[in-house]
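coords_19.cif (mmCIF, C-alpha atoms and all ligand atoms)
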```cif
data_entry
#
loop_
_atom_site.label_atom_id
_atom_site.label_comp_id
_atom_site.auth_asym_id
_atom_site.auth_seq_id
_atom_site.Cartn_x
_atom_site.Cartn_y
_atom_site.Cartn_z
CA MET X 1 -0.75 6.81 -25.95
CA GLU X 2 0.73 5.70 -22.61
CA ARG X 3 -1.48 8.17 -20.74
CA LEU X 4 -4.55 6.86 -22.62
CA MET X 5 -3.73 3.28 -21.71
CA ARG X 6 -3.12 4.25 -18.07
CA ASN X 7 -6.45 6.11 -17.88
CA THR X 8 -8.31 3.21 -19.48
CA LEU X 9 -6.81 0.69 -17.06
CA LEU X 10 -7.59 2.93 -14.08
CA TYR X 11 -11.15 3.33 -15.35
CA LEU X 12 -11.47 -0.45 -15.70
CA SER X 13 -10.08 -0.94 -12.18
CA ARG X 14 -13.33 0.62 -10.85
CA ASN X 15 -15.67 -1.35 -13.14
CA ARG X 16 -18.02 -3.28 -10.85
CA LEU X 17 -19.08 -5.93 -13.36
CA ALA X 18 -15.49 -6.80 -14.23
CA HIS X 19 -14.70 -6.84 -10.50
CA ARG X 20 -17.49 -9.31 -9.77
CA THR X 21 -16.60 -11.53 -12.70
CA ALA X 22 -12.90 -11.63 -11.80
CA LYS X 23 -13.73 -12.58 -8.19
CA ARG X 24 -15.37 -15.82 -9.33
CA PHE X 25 -12.16 -17.09 -10.89
CA GLY X 26 -8.79 -17.92 -9.42
CA LEU X 27 -5.76 -15.77 -10.13
CA ARG X 28 -5.98 -15.16 -13.87
CA LEU X 29 -4.42 -12.90 -16.48
CA GLY X 30 -1.00 -13.21 -14.85
CA ALA X 31 -2.26 -11.76 -11.56
CA SER X 32 -0.26 -14.35 -9.63
CA ARG X 33 2.83 -12.33 -10.44
CA PHE X 34 1.55 -9.57 -8.12
CA VAL X 35 -0.75 -11.50 -5.75
CA ALA X 36 0.69 -14.09 -3.35
CA GLY X 37 -2.30 -16.43 -3.45
CA VAL X 38 -5.94 -16.79 -2.61
CA THR X 39 -5.64 -18.11 0.97
CA VAL X 40 -3.99 -16.66 4.05
CA SER X 41 -1.72 -19.69 4.35
CA GLU X 42 -0.34 -19.04 0.84
CA ALA X 43 0.32 -15.44 1.87
CA ILE X 44 2.00 -16.50 5.14
CA ARG X 45 4.21 -18.84 3.13
CA ALA X 46 5.25 -15.96 0.86
CA VAL X 47 6.13 -13.77 3.86
CA THR X 48 8.06 -16.60 5.50
CA GLY X 49 10.23 -16.74 2.37
CA LEU X 50 10.74 -12.97 2.49
CA ASN X 51 11.65 -13.11 6.20
CA GLU X 52 14.27 -15.73 5.37
CA ALA X 53 15.82 -13.19 3.00
CA GLY X 54 15.86 -10.52 5.75
CA ILE X 55 12.73 -8.75 4.42
CA GLU X 56 9.62 -7.93 6.44
CA GLY X 57 6.07 -8.14 5.17
CA THR X 58 2.76 -6.38 5.30
CA LEU X 59 -0.25 -8.48 4.36
CA ASP X 60 -3.22 -7.07 2.52
CA HIS X 61 -6.40 -9.12 2.38
CA LEU X 62 -7.58 -7.86 -1.00
CA GLY X 63 -10.90 -6.10 -1.34
CA GLU X 64 -12.27 -2.60 -1.82
CA TYR X 65 -15.46 -0.63 -2.47
CA VAL X 66 -17.70 -3.29 -0.91
CA GLU X 67 -21.42 -2.60 -1.18
CA THR X 68 -23.09 -4.48 1.68
CA LYS X 69 -22.84 -4.65 5.46
CA GLU X 70 -22.32 -8.41 5.21
CA ALA X 71 -19.37 -8.04 2.84
CA ALA X 72 -17.77 -5.42 5.13
CA ALA X 73 -18.24 -7.64 8.20
CA GLU X 74 -16.77 -10.60 6.31
CA ALA X 75 -13.75 -8.50 5.32
CA ALA X 76 -13.26 -7.37 8.93
CA GLU X 77 -13.25 -11.02 10.06
CA ALA X 78 -10.71 -11.83 7.37
CA CYS X 79 -8.45 -9.01 8.63
CA LEU X 80 -8.75 -10.26 12.23
CA HIS X 81 -8.03 -13.81 11.09
CA THR X 82 -4.97 -12.56 9.17
CA LEU X 83 -3.61 -10.89 12.33
CA ASP X 84 -4.21 -14.14 14.27
CA GLU X 85 -2.38 -16.17 11.64
CA ILE X 86 0.56 -13.73 11.54
CA GLU X 87 0.82 -14.04 15.33
CA LYS X 88 0.56 -17.83 15.21
CA ALA X 89 3.20 -18.15 12.49
CA GLY X 90 5.58 -15.81 14.36
CA ILE X 91 6.55 -14.05 11.14
CA ARG X 92 7.83 -10.46 10.89
CA CYS X 93 4.81 -8.92 9.29
CA ASN X 94 2.03 -6.41 9.90
CA LEU X 95 -1.28 -5.62 8.18
CA SER X 96 -2.46 -3.07 5.63
CA VAL X 97 -6.18 -2.36 5.14
CA LYS X 98 -8.43 -0.42 2.80
CA LEU X 99 -11.33 1.37 4.45
CA THR X 100 -13.73 0.89 1.54
CA GLN X 101 -13.36 -2.84 2.18
CA LEU X 102 -14.81 -2.22 5.64
CA GLY X 103 -17.86 -0.31 4.45
CA LEU X 104 -16.63 3.30 4.43
CA ASP X 105 -18.80 4.05 1.38
CA PHE X 106 -22.11 3.31 3.08
CA SER X 107 -21.48 3.42 6.83
CA ALA X 108 -18.64 5.38 8.41
CA GLY X 109 -19.90 4.06 11.77
CA ASP X 110 -19.56 0.39 10.75
CA CYS X 111 -16.16 1.07 9.23
CA ARG X 112 -14.99 2.74 12.43
CA SER X 113 -16.15 -0.12 14.63
CA HIS X 114 -14.53 -2.72 12.35
CA MET X 115 -11.29 -0.73 12.47
CA ARG X 116 -11.43 -0.41 16.26
CA ARG X 117 -11.56 -4.20 16.54
CA ILE X 118 -8.78 -4.71 14.00
CA VAL X 119 -6.39 -2.13 15.45
CA GLY X 120 -7.31 -3.27 18.98
CA ARG X 121 -6.35 -6.86 18.08
CA ALA X 122 -3.08 -5.67 16.51
CA ALA X 123 -2.28 -3.62 19.64
CA GLU X 124 -2.87 -6.74 21.79
CA TYR X 125 -0.31 -8.61 19.70
CA GLY X 126 2.16 -5.71 19.65
CA SER X 127 1.56 -5.53 15.89
CA PHE X 128 0.64 -2.67 13.57
CA VAL X 129 -2.09 -1.80 11.08
CA ARG X 130 -1.63 0.68 8.26
CA ILE X 131 -4.58 2.37 6.60
CA ASP X 132 -3.88 2.32 2.84
CA MET X 133 -4.87 5.54 1.08
CA GLU X 134 -7.47 5.18 -1.66
CA ASP X 135 -8.88 7.73 -4.10
CA TYR X 136 -9.36 11.41 -3.25
CA ALA X 137 -12.99 11.04 -2.18
CA HIS X 138 -11.87 8.82 0.71
CA ASN X 139 -8.81 10.83 1.71
CA GLU X 140 -10.28 13.06 4.45
CA PRO X 141 -12.39 10.28 6.04
CA ALA X 142 -9.23 8.11 6.19
CA ILE X 143 -7.27 10.89 7.89
CA GLU X 144 -10.05 11.52 10.40
CA LEU X 145 -10.34 7.85 11.24
CA PHE X 146 -6.56 7.60 11.62
CA GLN X 147 -6.65 10.48 14.13
CA SER X 148 -9.34 8.91 16.24
CA LEU X 149 -7.73 5.44 16.17
CA HIS X 150 -4.38 6.98 17.07
CA ASN X 151 -5.96 8.74 20.05
CA GLU X 152 -7.19 5.34 21.25
CA PHE X 153 -4.41 2.94 20.22
CA GLY X 154 -1.34 5.16 19.71
CA GLY X 155 1.38 3.81 17.42
CA ALA X 156 -0.47 0.58 16.56
CA VAL X 157 -1.97 2.43 13.58
CA GLY X 158 -0.36 4.26 10.68
CA LEU X 159 -1.43 6.03 7.51
CA VAL X 160 -0.42 6.63 3.89
CA LEU X 161 0.00 10.03 2.21
CA GLN X 162 0.20 10.43 -1.56
CA ALA X 163 2.75 12.79 -3.11
CA TYR X 164 0.52 13.51 -6.14
CA LEU X 165 -2.03 15.35 -3.97
CA TYR X 166 -1.47 19.07 -3.41
CA LYS X 167 -2.91 18.72 0.09
CA SER X 168 -0.50 16.06 1.37
CA GLU X 169 2.15 18.46 2.62
CA ALA X 170 -0.42 20.35 4.69
CA ASP X 171 -1.74 16.98 5.94
CA LEU X 172 1.74 15.96 7.02
CA ASP X 173 2.03 19.27 8.91
CA ARG X 174 -1.27 18.93 10.71
CA LEU X 175 -0.61 15.27 11.58
CA ALA X 176 2.84 16.03 13.00
CA VAL X 177 1.37 16.30 16.54
CA TYR X 178 0.76 12.53 16.39
CA ALA X 179 4.41 11.76 15.47
CA PRO X 180 2.77 9.46 12.93
CA ASN X 181 4.25 6.46 11.17
CA VAL X 182 3.50 7.45 7.56
CA ARG X 183 3.95 5.45 4.38
CA LEU X 184 4.75 7.92 1.61
CA VAL X 185 3.85 6.95 -1.96
CA LYS X 186 3.49 8.68 -5.32
CA GLY X 187 -0.24 7.80 -5.59
CA ALA X 188 -1.99 5.17 -7.70
CA TYR X 189 -5.47 6.50 -8.58
CA LYS X 190 -6.77 8.66 -11.40
CA GLU X 191 -7.20 12.16 -9.98
CA PRO X 192 -8.04 15.47 -11.69
CA ALA X 193 -5.63 18.41 -11.91
CA GLU X 194 -7.79 20.29 -9.38
CA VAL X 195 -6.45 18.05 -6.63
CA ALA X 196 -3.31 16.34 -7.94
CA PHE X 197 -0.14 17.32 -9.80
CA PRO X 198 -0.63 16.26 -13.44
CA ASP X 199 3.13 16.16 -14.11
CA LYS X 200 5.24 13.27 -12.93
CA SER X 201 8.22 15.51 -12.26
CA ASP X 202 6.15 17.60 -9.80
CA VAL X 203 4.97 14.41 -8.09
CA ASP X 204 8.56 13.20 -7.72
CA ARG X 205 9.69 16.57 -6.32
CA ASN X 206 6.83 16.60 -3.83
CA PHE X 207 7.56 12.98 -2.88
CA ILE X 208 11.12 13.89 -1.87
CA ARG X 209 9.90 17.02 -0.07
CA LEU X 210 7.44 14.99 2.01
CA ILE X 211 9.96 12.26 2.84
CA GLU X 212 12.58 14.77 3.96
CA LYS X 213 10.05 16.72 6.02
CA GLN X 214 8.90 13.56 7.80
CA LEU X 215 12.49 12.55 8.54
CA ARG X 216 13.50 16.05 9.66
CA ASN X 217 10.54 16.00 12.08
CA GLY X 218 12.06 12.81 13.52
CA HIS X 219 8.97 10.80 12.54
CA TYR X 220 9.05 7.34 11.00
CA ALA X 221 8.91 7.25 7.21
CA ALA X 222 8.02 4.16 5.19
CA VAL X 223 9.25 5.10 1.74
CA ALA X 224 7.21 2.99 -0.69
CA THR X 225 8.60 3.11 -4.21
CA HIS X 226 10.44 1.12 -6.88
CA ASP X 227 12.12 4.26 -8.15
CA ASP X 228 15.90 4.18 -7.68
CA ARG X 229 16.19 7.95 -7.98
CA ILE X 230 13.95 8.37 -4.94
CA ILE X 231 15.60 5.51 -3.02
CA ASP X 232 19.07 6.91 -3.70
CA SER X 233 18.04 10.39 -2.66
CA VAL X 234 16.66 9.06 0.66
CA ILE X 235 19.89 7.16 1.32
CA ARG X 236 21.92 10.28 0.52
CA PHE X 237 19.74 12.54 2.65
CA ALA X 238 19.90 10.15 5.62
CA LYS X 239 23.69 9.92 5.37
CA GLU X 240 24.24 13.67 4.98
CA SER X 241 21.93 14.61 7.81
CA GLY X 242 23.02 11.82 10.14
CA MET X 243 19.55 10.20 10.27
CA PRO X 244 19.66 6.73 11.83
CA ARG X 245 18.55 3.87 9.58
CA SER X 246 16.04 2.94 12.28
CA GLY X 247 14.07 6.09 11.38
CA PHE X 248 12.85 4.82 8.03
CA GLU X 249 12.22 1.77 5.90
CA PHE X 250 11.81 1.04 2.22
CA GLN X 251 8.73 -0.72 0.91
CA MET X 252 8.00 -2.37 -2.43
CA LEU X 253 5.17 -4.43 -3.83
CA TYR X 254 5.20 -8.21 -4.04
CA GLY X 255 6.55 -9.34 -7.40
CA ILE X 256 8.12 -6.02 -8.32
CA ARG X 257 11.93 -5.69 -8.35
CA PRO X 258 12.55 -8.65 -6.00
CA GLN X 259 16.29 -8.47 -6.69
CA ARG X 260 16.44 -4.83 -5.61
CA GLN X 261 14.43 -5.70 -2.48
CA ARG X 262 17.08 -8.24 -1.50
CA GLU X 263 19.92 -5.86 -2.33
CA LEU X 264 18.57 -3.13 -0.05
CA ALA X 265 18.00 -5.62 2.77
CA GLY X 266 21.54 -6.92 2.22
CA LEU X 267 22.89 -3.37 2.57
CA GLY X 268 21.32 -3.22 6.01
CA TYR X 269 18.24 -1.12 5.18
CA LYS X 270 14.92 -2.17 6.59
CA MET X 271 12.92 -3.48 3.64
CA ARG X 272 9.25 -4.41 3.74
CA VAL X 273 7.22 -6.00 0.98
CA TYR X 274 3.49 -5.45 0.58
CA VAL X 275 1.96 -8.87 0.02
CA PRO X 276 -1.64 -8.90 -1.23
CA PHE X 277 -3.72 -12.07 -1.21
CA GLY X 278 -7.34 -13.11 -1.66
CA ARG X 279 -9.99 -13.58 -4.28
CA ASP X 280 -10.67 -9.90 -4.83
CA TRP X 281 -7.51 -9.19 -6.84
CA TYR X 282 -8.98 -7.36 -9.83
CA GLY X 283 -8.77 -3.65 -8.84
CA TYR X 284 -5.31 -4.04 -7.31
CA PHE X 285 -4.04 -5.86 -10.38
CA MET X 286 -5.42 -3.27 -12.82
CA ARG X 287 -3.68 -0.45 -10.90
CA ARG X 288 -0.36 -2.34 -11.18
CA LEU X 289 -0.88 -2.64 -14.95
CA ALA X 290 -1.70 1.06 -15.19
CA GLU X 291 1.56 1.97 -13.44
CA ARG X 292 3.66 0.17 -15.98
CA PRO X 293 2.24 -0.45 -19.45
CA ALA X 294 5.14 -2.93 -20.02
CA ASN X 295 3.21 -5.21 -17.66
CA VAL X 296 0.31 -5.29 -20.13
CA SER X 297 2.39 -7.07 -22.75
CA PHE X 298 3.46 -9.52 -20.06
CA VAL X 299 -0.22 -10.22 -19.38
CA LEU X 300 -1.09 -10.61 -23.05
CA LYS X 301 1.75 -13.11 -23.46
CA SER X 302 0.57 -15.12 -20.45
CA MET X 303 -3.00 -15.16 -21.84
CA PHE X 304 -1.87 -16.64 -25.12
CA LYS X 305 0.32 -19.20 -23.36
CA SER X 306 -2.56 -20.63 -21.25
P1 LIG Y 1 7.11 4.83 -10.80
O1 LIG Y 1 5.95 3.97 -11.18
O2 LIG Y 1 7.09 6.29 -11.10
O3 LIG Y 1 8.39 4.18 -11.43
C1 LIG Y 1 9.64 4.82 -11.30
C2 LIG Y 1 10.75 3.91 -11.72
O4 LIG Y 1 10.78 2.76 -10.86
C3 LIG Y 1 10.60 3.34 -13.10
O5 LIG Y 1 11.01 4.25 -14.09
C4 LIG Y 1 11.50 2.13 -13.00
O6 LIG Y 1 12.83 2.52 -13.06
C5 LIG Y 1 11.21 1.63 -11.61
N1 LIG Y 1 10.13 0.63 -11.66
C6 LIG Y 1 8.83 0.81 -11.37
N2 LIG Y 1 8.15 -0.34 -11.52
C7 LIG Y 1 9.02 -1.26 -11.93
C8 LIG Y 1 8.94 -2.63 -12.29
N3 LIG Y 1 7.78 -3.28 -12.30
N4 LIG Y 1 10.06 -3.25 -12.66
C9 LIG Y 1 11.24 -2.59 -12.71
N5 LIG Y 1 11.37 -1.29 -12.40
C10 LIG Y 1 10.30 -0.64 -12.01
N6 LIG Y 1 -0.65 4.03 -3.75
C11 LIG Y 1 -1.72 4.63 -3.20
O7 LIG Y 1 -2.36 5.48 -3.84
N7 LIG Y 1 -2.14 4.27 -1.94
C12 LIG Y 1 -1.47 3.36 -1.19
O8 LIG Y 1 -1.86 3.08 -0.06
C13 LIG Y 1 -0.32 2.74 -1.76
N8 LIG Y 1 0.38 1.79 -1.08
C14 LIG Y 1 1.58 1.32 -1.61
C15 LIG Y 1 2.38 0.44 -0.85
C16 LIG Y 1 3.61 0.05 -1.33
C17 LIG Y 1 4.47 -0.85 -0.52
C18 LIG Y 1 4.07 0.51 -2.61
C19 LIG Y 1 5.40 0.13 -3.15
C20 LIG Y 1 3.25 1.32 -3.38
C21 LIG Y 1 2.00 1.72 -2.89
N9 LIG Y 1 1.17 2.53 -3.64
C22 LIG Y 1 0.07 3.10 -3.06
C23 LIG Y 1 1.42 2.69 -5.11
C24 LIG Y 1 2.20 3.97 -5.41
O9 LIG Y 1 1.39 5.09 -5.22
C25 LIG Y 1 2.69 3.96 -6.87
O10 LIG Y 1 1.58 3.93 -7.73
C26 LIG Y 1 3.58 2.80 -7.21
O11 LIG Y 1 4.49 2.52 -6.18
C27 LIG Y 1 4.38 3.11 -8.50
O12 LIG Y 1 5.21 4.22 -8.28
P2 LIG Y 1 6.78 4.12 -8.00
O13 LIG Y 1 7.09 5.03 -6.85
O14 LIG Y 1 7.18 2.72 -7.77
O15 LIG Y 1 7.49 4.74 -9.24
#
```

Could you rewrite the structure in this file as structure tokens?
Ligand code: FDA
Amino acid sequence: MERLMRNTLLYLSRNRLAHRTAKRFGLRLGASRFVAGVTVSEAIRAVTGLNEAGIEGTLDHLGEYVETKEAAAEAAEACLHTLDEIEKAGIRCNLSVKLTQLGLDFSAGDCRSHMRRIVGRAAEYGSFVRIDMEDYAHNEPAIELFQSLHNEFGGAVGLVLQAYLYKSEADLDRLAVYAPNVRLVKGAYKEPAEVAFPDKSDVDRNFIRLIEKQLRNGHYAAVATHDDRIIDSVIRFAKESGMPRSGFEFQMLYGIRPQRQRELAGLGYKMRVYVPFGRDWYGYFMRRLAERPANVSFVLKSMFKS
């Protein structure tokens, strides 16, 4: 039953009509629990609050799978504007981007040139841009673009690898020459058993394997999870192997386990929260619901309240 609900929500997350309809409205269906606002100033305000609690931010101007050159160019401008506003506000925050928001689906060339401007601007500011990892079809193009941007801009760009994919360990090995800053996650999309572990326990085991490999290589690991078993195992591993805390950080999503975020920051671990904002919240929101069916009842309650 839970798997069916998850698959349905993930299917709906890619529904273009629902996407377009949702975009016309403000934050509905309880989305404001996971999305910091519609404007960049609302998002900056949210990160300022996090910074005050000793937590860093990464802003995500929401959007994905855009279909026109104009929409991709508009999204690129929004990313540049976000970097400018982060710099102006002087907050401790970087940027995360999705390549399908920048036109990857219809023009790899446009996407590359948008990314060169965005990462170039971040490098100017001494900031950092992370390429979020989307579904399997976009995995190799994202890795290739990361490699070319890293050759040009060095450590101003980072990547995400997903523990549910069989290929991620080999990807980590081949990317080791870049000493990359990698965010490691379980993986949020619906993927077939040909490419991804169907069992959660295998995903968790692979997640720990990837994190430990990245740390053993001496490369920066952003461990993005709300799962205490994973967090505890990273803390244990770092202690037992004498890894400095500066070699890794924890990341969680805005609105999820805020108390735990503060606790980890209070214990002296670097903690970063992923703060999405913008009108295009639908796909992101549906993936959050799919991860935790308990969130669906929260949404239903908030619908009946309004
Ligand atoms: P999982 O969902 O397996 O939950 C494990 C345990 O965590 C639960 O049993 C519970 O104890 C606790 N927990 C989880 N959610 C909770 C909640 N709402 N309240 C209380 N406890 C909760 N994916 C991707 O494919 N590409 C990407 O680029 C990214 N980027 C990204 C950035 C950041 C900062 C994060 C945190 C996550 C991503 N993800 C992602 C999403 C990721 O792949 C994954 O889908 C989610 O993080 C959910 O998996 P968890 O590791 O949190 O554990």

**Q.** Top pick for closest residue to ligand LIG 1 (chain Y), considering X:Val66, X:Leu267, X:Ala221, X:Ile131 and counting all atoms listed in the file
**A.** X:Ile131

Q: Report as a list in words which protein, DNA and RNA residues come within 7 Å of ligand LIG 1 (chain Y), using only C-alpha atoms and all ligand atoms.
A: Asp132, Met133, Glu134, Asp135, Val160, Gln162, Val185, Lys186, Gly187, Ala188, Tyr189, Ala224, Thr225, His226, Asp227, Asp228, Gln251, Met252, Leu253, Ile256, Arg257, Val273, Tyr274, Glu291 and Arg292 of chain X

(Q) Using all atoms listed in the file, which protein or nucleic acid residues come within 10 Å of His114 of chain X? Drop anything in the same chain fewer than 6 positions from it, and give the result as a list in words. (A)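 Near His114 of chain X, the qualifying residues are Ala72, Ala73, Ala75, Ala76, Glu77, Cys79, Leu80, Leu99, Leu102, Gly103, Ala108 and Gly120 of chain X.
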
Q.
Set the distance at 6 Å and use all atoms listed in the file: which residues neighbour Ala163 of chain X once local chain neighbours fewer than 4 positions away are removed? I'd like the list as an MDAnalysis selection string.
A. chainID X and resid 186 203 206:207

Q: Please provide the set of residues having any atom within 9 Å of segment 150-156 of chain X, restricted to only C-alpha atoms, with same-chain residues fewer than 2 positions apart removed, written as a count of residues only.
A: 19

Is it possible to add N, CA and C atoms to segment 118-133 of chain X and hand it back as a JSON list (two decimals), keeping the file's coordinate frame?
```
[["chain", "number", "residue", "atom", "x", "y", "z"],
["X", 118, "ILE", "N", -10.00, -4.27, 14.70],
["X", 118, "ILE", "CA", -8.78, -4.71, 14.00],
["X", 118, "ILE", "C", -7.53, -4.09, 14.66],
["X", 119, "VAL", "N", -7.58, -2.78, 14.86],
["X", 119, "VAL", "CA", -6.39, -2.13, 15.45],
["X", 119, "VAL", "C", -6.23, -2.58, 16.91],
["X", 120, "GLY", "N", -7.36, -2.78, 17.60],
["X", 120, "GLY", "CA", -7.31, -3.27, 18.98],
["X", 120, "GLY", "C", -6.62, -4.64, 19.05],
["X", 121, "ARG", "N", -6.96, -5.52, 18.10],
["X", 121, "ARG", "CA", -6.35, -6.86, 18.08],
["X", 121, "ARG", "C", -4.85, -6.74, 17.79],
["X", 122, "ALA", "N", -4.50, -5.86, 16.84],
["X", 122, "ALA", "CA", -3.08, -5.67, 16.51],
["X", 122, "ALA", "C", -2.33, -5.14, 17.74],
["X", 123, "ALA", "N", -2.94, -4.19, 18.45],
["X", 123, "ALA", "CA", -2.28, -3.62, 19.64],
["X", 123, "ALA", "C", -2.04, -4.72, 20.68],
["X", 124, "GLU", "N", -3.02, -5.62, 20.84],
["X", 124, "GLU", "CA", -2.87, -6.74, 21.79],
["X", 124, "GLU", "C", -1.64, -7.57, 21.44],
["X", 125, "TYR", "N", -1.43, -7.78, 20.15],
["X", 125, "TYR", "CA", -0.31, -8.61, 19.70],
["X", 125, "TYR", "C", 1.00, -7.83, 19.59],
["X", 126, "GLY", "N", 0.96, -6.53, 19.86],
["X", 126, "GLY", "CA", 2.16, -5.71, 19.65],
["X", 126, "GLY", "C", 2.45, -5.56, 18.17],
["X", 127, "SER", "N", 1.39, -5.65, 17.33],
["X", 127, "SER", "CA", 1.56, -5.53, 15.89],
["X", 127, "SER", "C", 1.13, -4.13, 15.41],
["X", 128, "PHE", "N", 0.86, -4.00, 14.15],
["X", 128, "PHE", "CA", 0.64, -2.67, 13.57],
["X", 128, "PHE", "C", -0.29, -2.79, 12.37],
["X", 129, "VAL", "N", -1.18, -1.82, 12.24],
["X", 129, "VAL", "CA", -2.09, -1.80, 11.08],
["X", 129, "VAL", "C", -1.93, -0.48, 10.34],
["X", 130, "ARG", "N", -1.72, -0.56, 9.03],
["X", 130, "ARG", "CA", -1.63, 0.68, 8.26],
["X", 130, "ARG", "C", -2.87, 0.84, 7.39],
["X", 131, "ILE", "N", -3.44, 2.05, 7.45],
["X", 131, "ILE", "CA", -4.58, 2.37, 6.60],
["X", 131, "ILE", "C", -4.03, 2.77, 5.23],
["X", 132, "ASP", "N", -4.27, 1.95, 4.21],
["X", 132, "ASP", "CA", -3.88, 2.32, 2.84],
["X", 132, "ASP", "C", -4.67, 3.57, 2.44],
["X", 133, "MET", "N", -4.11, 4.37, 1.53],
["X", 133, "MET", "CA", -4.87, 5.54, 1.08],
["X", 133, "MET", "C", -5.47, 5.24, -0.29]]
```
